[in-house]
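Structure first, commentary second.
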Amino acid sequence: MFETDEKKERIKQLIAEGRIKEAFDLAGITEADFLFFMGNYASEEENHEMAENLFSQVLEIEPDNAAAWYNKGRALACLDRFDEAVSCYDEALKRDPEDSDAWLNKGIALQNIGKHTEALSCFRIVLKATPEDGEAWYCKGVSLSLLGRHERAFQCYNTATKVDPHHADAWYTKGTILASLEEYKKALSCFDKALSENPYYVDTWYNKGVILSRLKKYEEAIACYDTLLTINPDDVDTWYNKGVALQGLKKDEEAITCYDRAVTINPDDAGAWYRKGKAFHNLKKYKEAVHCYDHVLKIDPYHKEAQDNKMAALRSLRKK
């Protein structure tokens, strides 16, 4: 459409500056093509409402423009308007029934409205045409999982990682399944591969830390939680789990610091108050421990462990 990347960037700059007439003249294209270009530009800038509006204008001029129907569908999906997105993908597929991207994105939109059987039909069409499509294998696995067909889902995730070794989501999901089967070594390998593709994959760091703690590799677990906290310093569960790992190393004072952060972020976190109480208990700081157990019992009056440990701490105080 445009002779050079330099010209394309100049047009984008003019649009950003609101000099639409100059941009249109520089492009030297039809109104529909220009609106299409602007729609793509809005999508790149993640202005999905504007993108949807622009592709709608294209379709008023060229109602059989399959690419405009497809791009409008993507904009609507980004706005969580999945039913409308499906309708747009259907219009695109009427005009170009072999468009694998439209079939794939229709399937993803159907997933988002809980129509997993219909979504599977879309993914099968994609995979028949392009059997090496890792995203389609991954998405098929997601729908199968949500339909309770877990063994077949795992096979899909496995295939996804074979045909696309860079698919972080497939590696992560495969790892979570292996972890649920207590195949921790294999799960950790999957998580490491996911992180090599996406070092900011929060859920992967978290679950890797959980597994390492279960294996009593507390220092490695803490390293995972520390990395996670550089990404999201206000994650209550991470502060809690870091505290648990520190207690595994008998570092109760450092653990208390973590639980302090957790209850500062969420004062109603009974688990963090309880573990903080246990840490004080271990340090023979019984008054502080009772204070923490009281917090637990305000949140959960039937917390048996807190009740028992409070009584034990009070007995220890009376002996002093």
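Chain identifiers are assigned as A, B, and so on, following the order in which chains appear in the structure tokens; residues are numbered from 1 within each chain, and ligands are numbered from 1 in order of appearance.
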For region 47-58 of chain A, find every residue with an atom within 6 Å (counting only C-alpha atoms), except residues of its own chain fewer than 3 positions away, and show them as a list in words.
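Contacts, with the query itself left out: Ala32, Leu35, Gly39, Ala42, Ser43, Ile61, Glu62, Ala68, Lys72 and Ala75 of chain A.
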Save the residues we just selected, N, CA and C atoms, as an mmCIF file, in the first residue's frame?
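Saved result, again14.cif, follows:
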```
data_model
loop_
_atom_site.group_PDB
_atom_site.id
_atom_site.type_symbol
_atom_site.label_atom_id
_atom_site.label_comp_id
_atom_site.auth_asym_id
_atom_site.auth_seq_id
_atom_site.Cartn_x
_atom_site.Cartn_y
_atom_site.Cartn_z
ATOM 1 N N ALA A 32 -11.360 4.123 1.616
ATOM 2 C CA ALA A 32 -11.480 2.866 2.357
ATOM 3 C C ALA A 32 -10.109 2.357 2.793
ATOM 4 N N LEU A 35 -8.882 4.519 5.667
ATOM 5 C CA LEU A 35 -9.558 4.171 6.920
ATOM 6 C C LEU A 35 -9.034 2.848 7.476
ATOM 7 N N GLY A 39 -7.276 2.228 10.965
ATOM 8 C CA GLY A 39 -7.767 1.203 11.884
ATOM 9 C C GLY A 39 -6.637 0.339 12.412
ATOM 10 N N ALA A 42 -4.678 2.373 14.883
ATOM 11 C CA ALA A 42 -5.378 2.437 16.177
ATOM 12 C C ALA A 42 -5.197 1.130 16.943
ATOM 13 N N SER A 43 -5.224 0.005 16.235
ATOM 14 C CA SER A 43 -5.020 -1.294 16.884
ATOM 15 C C SER A 43 -3.611 -1.397 17.462
ATOM 16 N N ILE A 61 -18.227 1.238 3.235
ATOM 17 C CA ILE A 61 -17.802 1.494 1.858
ATOM 18 C C ILE A 61 -17.608 0.183 1.102
ATOM 19 N N GLU A 62 -17.000 -0.792 1.771
ATOM 20 C CA GLU A 62 -16.677 -2.088 1.141
ATOM 21 C C GLU A 62 -17.202 -3.223 2.024
ATOM 22 N N ALA A 68 -11.328 -6.434 6.706
ATOM 23 C CA ALA A 68 -11.948 -5.453 7.603
ATOM 24 C C ALA A 68 -12.869 -6.141 8.602
ATOM 25 N N LYS A 72 -12.110 -5.988 12.515
ATOM 26 C CA LYS A 72 -13.159 -5.488 13.406
ATOM 27 C C LYS A 72 -13.432 -6.515 14.505
ATOM 28 N N ALA A 75 -10.748 -6.271 17.122
ATOM 29 C CA ALA A 75 -10.933 -5.087 17.973
ATOM 30 C C ALA A 75 -12.034 -5.337 19.003
#
```
DSSP-assigned helix (DSSP H, G or I) members of region 186-310 of chain A, reported as a ChimeraX atom specification
/A:186-197,202-214,218-231,236-248,252-265,270-282,286-299,304-310
Between A:Ile299, A:Arg81, A:Tyr138, A:Tyr206, which is the closest to Thr173 (chain A) once you count only C-alpha atoms?
A:Tyr138
For region 219-235 of chain A, find every residue with an atom within 8 Å (counting only C-alpha atoms), except residues of its own chain fewer than 5 positions away, and show them as a PyMOL selection string.
chain A and resi 200+202+205-206+208-213+241-242+245-246+262+265
Separation of CA of Glu183 (chain A) and CA of Arg275 (chain A), in Å?
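Distance between the two atoms: 27.8 Å.
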Restricting the calculation to only C-alpha atoms, which member of A:Val296, A:Ala168, A:Cys258, A:Ala312 is positioned closest to Asn282 (chain A)?
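When distances to Asn282 (chain A) are compared using only C-alpha atoms, the smallest one comes from A:Ala312.
Between Lys94 (chain A) and the residues A:Asp64, A:Arg74, A:Leu110, A:Gly134, the shortest atom-to-atom distance, using only C-alpha atoms, involves A:Asp64.
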Would you kindly return, as a short mmCIF file (atom, residue, chain, number, x, y, z; two decimals) with C-alpha atoms, in the first residue's frame, each protein, DNA or RNA residue with an atom no farther than 12 Å from any atom of Ser180 (chain A), considering only C-alpha atoms and excluding same-chain residues fewer than 4 positions away?
```cif
data_model
loop_
_atom_site.label_atom_id
_atom_site.label_comp_id
_atom_site.auth_asym_id
_atom_site.auth_seq_id
_atom_site.Cartn_x
_atom_site.Cartn_y
_atom_site.Cartn_z
CA HIS A 150 -7.72 -33.77 30.61
CA THR A 173 0.13 -25.20 31.35
CA LYS A 174 1.92 -28.47 30.71
CA GLY A 175 3.99 -27.77 33.83
CA THR A 176 0.92 -27.15 36.00
CA TYR A 184 7.85 -32.09 40.03
CA LYS A 185 11.12 -32.49 38.15
CA LYS A 186 9.33 -32.51 34.80
CA ALA A 187 7.11 -29.63 35.90
CA ASN A 207 4.29 -21.99 40.76
CA VAL A 210 5.66 -23.41 45.27
CA ILE A 211 7.13 -26.62 43.85
#
```
Quote the spacing between CA of Glu135 (chain A) and CA of His116 (chain A) in Å to one decimal place.
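If I compute the distance from CA of Glu135 (chain A) to CA of His116 (chain A), I get 15.7 Å.
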Record the distance separating CA of Ser100 (chain A) and CA of Glu84 (chain A), expressed in Å with one decimal.
18.9 Å
Extract, using only C-alpha atoms, all DNA, RNA and protein residues at most 9 Å from Leu144 (chain A), discarding same-chain residues fewer than 2 positions from it, and format them as an MDAnalysis selection string.
chainID A and resid 116:117 120 139:142 146:154 156
With C-alpha atoms retained, could you export that selection as a PDB file, in the first residue's frame?
```
ATOM      1  CA  HIS A 116     -15.936 -24.885  24.066  1.00  0.00           C
ATOM      2  CA  THR A 117     -17.457 -27.567  21.839  1.00  0.00           C
ATOM      3  CA  LEU A 120     -12.996 -27.118  19.239  1.00  0.00           C
ATOM      4  CA  CYS A 139      -6.168 -23.430  22.430  1.00  0.00           C
ATOM      5  CA  LYS A 140      -7.583 -26.863  21.632  1.00  0.00           C
ATOM      6  CA  GLY A 141      -5.986 -28.113  24.851  1.00  0.00           C
ATOM      7  CA  VAL A 142      -7.599 -25.298  26.859  1.00  0.00           C
ATOM      8  CA  LEU A 146     -12.494 -27.018  30.412  1.00  0.00           C
ATOM      9  CA  LEU A 147     -14.655 -29.838  29.053  1.00  0.00           C
ATOM     10  CA  GLY A 148     -12.992 -32.232  31.503  1.00  0.00           C
ATOM     11  CA  ARG A 149     -11.053 -34.152  28.861  1.00  0.00           C
ATOM     12  CA  HIS A 150      -7.718 -33.765  30.612  1.00  0.00           C
ATOM     13  CA  GLU A 151      -5.682 -36.558  29.019  1.00  0.00           C
ATOM     14  CA  ARG A 152      -6.424 -35.332  25.506  1.00  0.00           C
ATOM     15  CA  ALA A 153      -5.755 -31.770  26.639  1.00  0.00           C
ATOM     16  CA  PHE A 154      -2.308 -32.756  27.892  1.00  0.00           C
ATOM     17  CA  CYS A 156      -2.461 -31.082  22.861  1.00  0.00           C
TER      18      CYS A 156
END
```
Within 6 Å of Lys106 (chain A), counting only C-alpha atoms, which residues show up once you throw out same-chain ones fewer than 4 positions away? Write them as a ChimeraX atom specification, please.
/A:86,89,102
Lys284 (chain A) surroundings by only C-alpha atoms, 9 Å radius, close-in-sequence under 4 positions cut, as a count of residues only
5
